[in-house]
Amino acid sequence: SDDRGDELSYAGTPISEAISSDIGVGGVVSLLWFRRRLPAYATKFIEMVLMVSADHGPAVSGAHNTIVAARAGKDLVSSLASGLLTIGPRFGGALDEAATLFRNAVDEGLDAQAFVSSMRKKNQLIMGIGHRIRTIQNPDMRVQLIKEYAKKYFPHTPVLDFALSVEKETTKKKSTLILNVDGCIAACFVDLLRDCGAFERAEADELIDNGCLNGLFVAGRTIGFIGHYIDQKRLKQGLYRHPWDDISYQTNL
């Protein structure tokens, strides 16, 4: 952005034009993160990702930490930081790695069976695959919505198609080894950046490698964490103390 002169601009677009053109939050993200004015279907997809990532209840790591900090009397920024610092490989931070895994497999010409077999031999988890509750018979609506949007509006979806073929292989072993919301967003975003017409292939891949996908999760989930903070303050909740019956005490040392 540039705040010199008479008017703030984002990647050369005056803020008045951004508002009058109704580019939305997705358009602002495209200008500030990607230095491009992306097509309307792409900015709508960015907004969809922010919406489906915004919250997933109070029980997950980040929301829990935010709530505990809020109930300990911490301010909004401190409580938010407490929640955000839980984001990583086990919670919310799998998008970048899932995108890289699926993208590289497609570029190498692997089929799903060979990819799954190679990951098993390396004893590596397939990031973007698996859910604690949802199954192939009881799918995650967020995944359904993202997948359907990409299939309807994206020019091509080779990485998403590959990820879905991986799901067919992994669910043969266990029904919970589905393409989860992280994996679906990751695969779709690779397809979006590579085929929206705004980037060369190398540029698109560099954006993925630079962590923009985890950035989308952080941006979206910040909305939910702030909501949890406000809820705790509104309800005037006291200091949190974890219940004893959920703690495994070692008594025979």
# chains A, B, ... in the order shown; residues from 1 in each chain; ligands from 1
>>> select_by_dssp(residues="segment 13-234 of chain A", states="strand (DSSP E or B)", output="list in words")
Thr13, Pro14, Gly88, Phe91, Gly92, Ile129 and Leu179 of chain A
>>> residues_around(residues="segment 196-212 of chain A", least_positions_apart="6", cutoff="12 Å", atoms="only C-alpha atoms", output="VMD selection string")
chain A and resid 29 to 43 45 to 46 88 93 to 104 107 150 153 to 157 185 to 190 218 to 219
>>> closest_residue(among="A:Leu145, A:Ala105, A:Leu216, A:Ala70", to="Gly26 of chain A", atoms="only C-alpha atoms")
A:Leu216
>>> residues_around(residues="Gly128 of chain A", least_positions_apart="6", cutoff="6 Å", atoms="only C-alpha atoms", output="list in words")
Ala98, Asn180, Asp182 and Gly183 of chain A
>>> select_by_dssp(residues="segment 32-159 of chain A", states="helix (DSSP H, G or I)", output="PyMOL selection string")
chain A and resi 32-34+40-53+61-71+76-84+95-107+112-121+141-153+158-159
>>> closest_residue(among="A:Ala11, A:Leu239, A:Ile226, A:Ile19", to="Leu80 of chain A", atoms="only C-alpha atoms")
A:Ile226
>>> residues_around(residues="Ser117 of chain A", least_positions_apart="5", cutoff="12 Å", atoms="only C-alpha atoms", output="PyMOL selection string")
chain A and resi 110-112+122-126+166+169-170
>>> write_last_selection(atoms="all heavy atoms", output="mmCIF file, in the first residue's frame")
data_model
loop_
_atom_site.group_PDB
_atom_site.id
_atom_site.type_symbol
_atom_site.label_atom_id
_atom_site.label_comp_id
_atom_site.auth_asym_id
_atom_site.auth_seq_id
_atom_site.Cartn_x
_atom_site.Cartn_y
_atom_site.Cartn_z
ATOM 1 N N LEU A 110 2.503 -38.488 -10.771
ATOM 2 C CA LEU A 110 2.134 -39.644 -9.959
ATOM 3 C C LEU A 110 0.632 -39.873 -10.006
ATOM 4 O O LEU A 110 -0.146 -38.916 -10.077
ATOM 5 C CB LEU A 110 2.556 -39.432 -8.500
ATOM 6 C CG LEU A 110 4.041 -39.323 -8.183
ATOM 7 C CD1 LEU A 110 4.241 -39.056 -6.686
ATOM 8 C CD2 LEU A 110 4.778 -40.594 -8.590
ATOM 9 N N ASP A 111 0.233 -41.127 -9.952
ATOM 10 C CA ASP A 111 -1.184 -41.381 -9.739
ATOM 11 C C ASP A 111 -1.429 -41.515 -8.238
ATOM 12 O O ASP A 111 -0.491 -41.603 -7.449
ATOM 13 C CB ASP A 111 -1.668 -42.610 -10.509
ATOM 14 C CG ASP A 111 -0.987 -43.904 -10.080
ATOM 15 O OD1 ASP A 111 -0.606 -44.030 -8.899
ATOM 16 O OD2 ASP A 111 -0.826 -44.790 -10.937
ATOM 17 N N ALA A 112 -2.695 -41.502 -7.842
ATOM 18 C CA ALA A 112 -3.032 -41.475 -6.423
ATOM 19 C C ALA A 112 -2.490 -42.689 -5.672
ATOM 20 O O ALA A 112 -1.966 -42.584 -4.563
ATOM 21 C CB ALA A 112 -4.541 -41.387 -6.256
ATOM 22 N N LYS A 122 7.429 -43.966 3.318
ATOM 23 C CA LYS A 122 8.233 -42.962 4.024
ATOM 24 C C LYS A 122 7.719 -42.707 5.441
ATOM 25 O O LYS A 122 8.302 -41.916 6.185
ATOM 26 C CB LYS A 122 8.246 -41.656 3.237
ATOM 27 C CG LYS A 122 9.041 -41.734 1.932
ATOM 28 C CD LYS A 122 9.115 -40.402 1.218
ATOM 29 C CE LYS A 122 7.825 -40.049 0.529
ATOM 30 N NZ LYS A 122 7.963 -38.854 -0.351
ATOM 31 N N ASN A 123 6.606 -43.382 5.789
ATOM 32 C CA ASN A 123 5.983 -43.225 7.110
ATOM 33 C C ASN A 123 5.629 -41.756 7.372
ATOM 34 O O ASN A 123 5.837 -41.237 8.469
ATOM 35 C CB ASN A 123 6.898 -43.749 8.213
ATOM 36 C CG ASN A 123 6.137 -44.001 9.512
ATOM 37 O OD1 ASN A 123 4.939 -44.306 9.500
ATOM 38 N ND2 ASN A 123 6.822 -43.859 10.638
ATOM 39 N N GLN A 124 5.102 -41.103 6.339
ATOM 40 C CA GLN A 124 4.727 -39.696 6.440
ATOM 41 C C GLN A 124 3.212 -39.544 6.337
ATOM 42 O O GLN A 124 2.562 -40.230 5.555
ATOM 43 C CB GLN A 124 5.387 -38.874 5.334
ATOM 44 C CG GLN A 124 6.884 -38.715 5.491
ATOM 45 C CD GLN A 124 7.460 -37.819 4.403
ATOM 46 O OE1 GLN A 124 6.752 -37.312 3.546
ATOM 47 N NE2 GLN A 124 8.765 -37.625 4.440
ATOM 48 N N LEU A 125 2.682 -38.631 7.137
ATOM 49 C CA LEU A 125 1.268 -38.309 7.040
ATOM 50 C C LEU A 125 1.005 -37.525 5.754
ATOM 51 O O LEU A 125 1.852 -36.750 5.313
ATOM 52 C CB LEU A 125 0.832 -37.469 8.237
ATOM 53 C CG LEU A 125 0.858 -38.138 9.614
ATOM 54 C CD1 LEU A 125 0.521 -37.105 10.689
ATOM 55 C CD2 LEU A 125 -0.119 -39.298 9.666
ATOM 56 N N ILE A 126 -0.170 -37.732 5.192
ATOM 57 C CA ILE A 126 -0.589 -36.932 4.041
ATOM 58 C C ILE A 126 -1.368 -35.743 4.589
ATOM 59 O O ILE A 126 -2.521 -35.873 5.008
ATOM 60 C CB ILE A 126 -1.451 -37.740 3.062
ATOM 61 C CG1 ILE A 126 -0.701 -38.979 2.582
ATOM 62 C CG2 ILE A 126 -1.867 -36.874 1.873
ATOM 63 C CD1 ILE A 126 -1.539 -39.901 1.707
ATOM 64 N N VAL A 166 -6.828 -39.152 -4.348
ATOM 65 C CA VAL A 166 -6.117 -39.623 -3.155
ATOM 66 C C VAL A 166 -7.122 -40.026 -2.085
ATOM 67 O O VAL A 166 -6.972 -41.056 -1.420
ATOM 68 C CB VAL A 166 -5.158 -38.534 -2.628
ATOM 69 C CG1 VAL A 166 -4.612 -38.908 -1.245
ATOM 70 C CG2 VAL A 166 -4.002 -38.317 -3.602
ATOM 71 N N GLU A 169 -8.384 -43.448 -2.451
ATOM 72 C CA GLU A 169 -7.436 -44.473 -2.004
ATOM 73 C C GLU A 169 -7.399 -44.577 -0.488
ATOM 74 O O GLU A 169 -7.421 -45.665 0.081
ATOM 75 C CB GLU A 169 -6.033 -44.160 -2.534
ATOM 76 C CG GLU A 169 -5.873 -44.323 -4.031
ATOM 77 C CD GLU A 169 -6.089 -45.750 -4.491
ATOM 78 O OE1 GLU A 169 -5.630 -46.682 -3.787
ATOM 79 O OE2 GLU A 169 -6.724 -45.946 -5.541
ATOM 80 N N THR A 170 -7.325 -43.433 0.197
ATOM 81 C CA THR A 170 -7.158 -43.451 1.657
ATOM 82 C C THR A 170 -8.416 -43.928 2.376
ATOM 83 O O THR A 170 -8.326 -44.590 3.415
ATOM 84 C CB THR A 170 -6.763 -42.054 2.177
ATOM 85 O OG1 THR A 170 -7.714 -41.075 1.720
ATOM 86 C CG2 THR A 170 -5.377 -41.666 1.690
#
>>> atom_distance(atom1="atom CA of Pro89 of chain A", atom2="atom CA of Thr66 of chain A")
18.6 Å
>>> atom_distance(atom1="atom CA of Ala163 of chain A", atom2="atom CA of Glu148 of chain A")
14.1 Å
>>> closest_residue(among="A:Ile129, A:Val159, A:Leu179, A:Ile136", to="Leu192 of chain A", atoms="only C-alpha atoms")
A:Val159
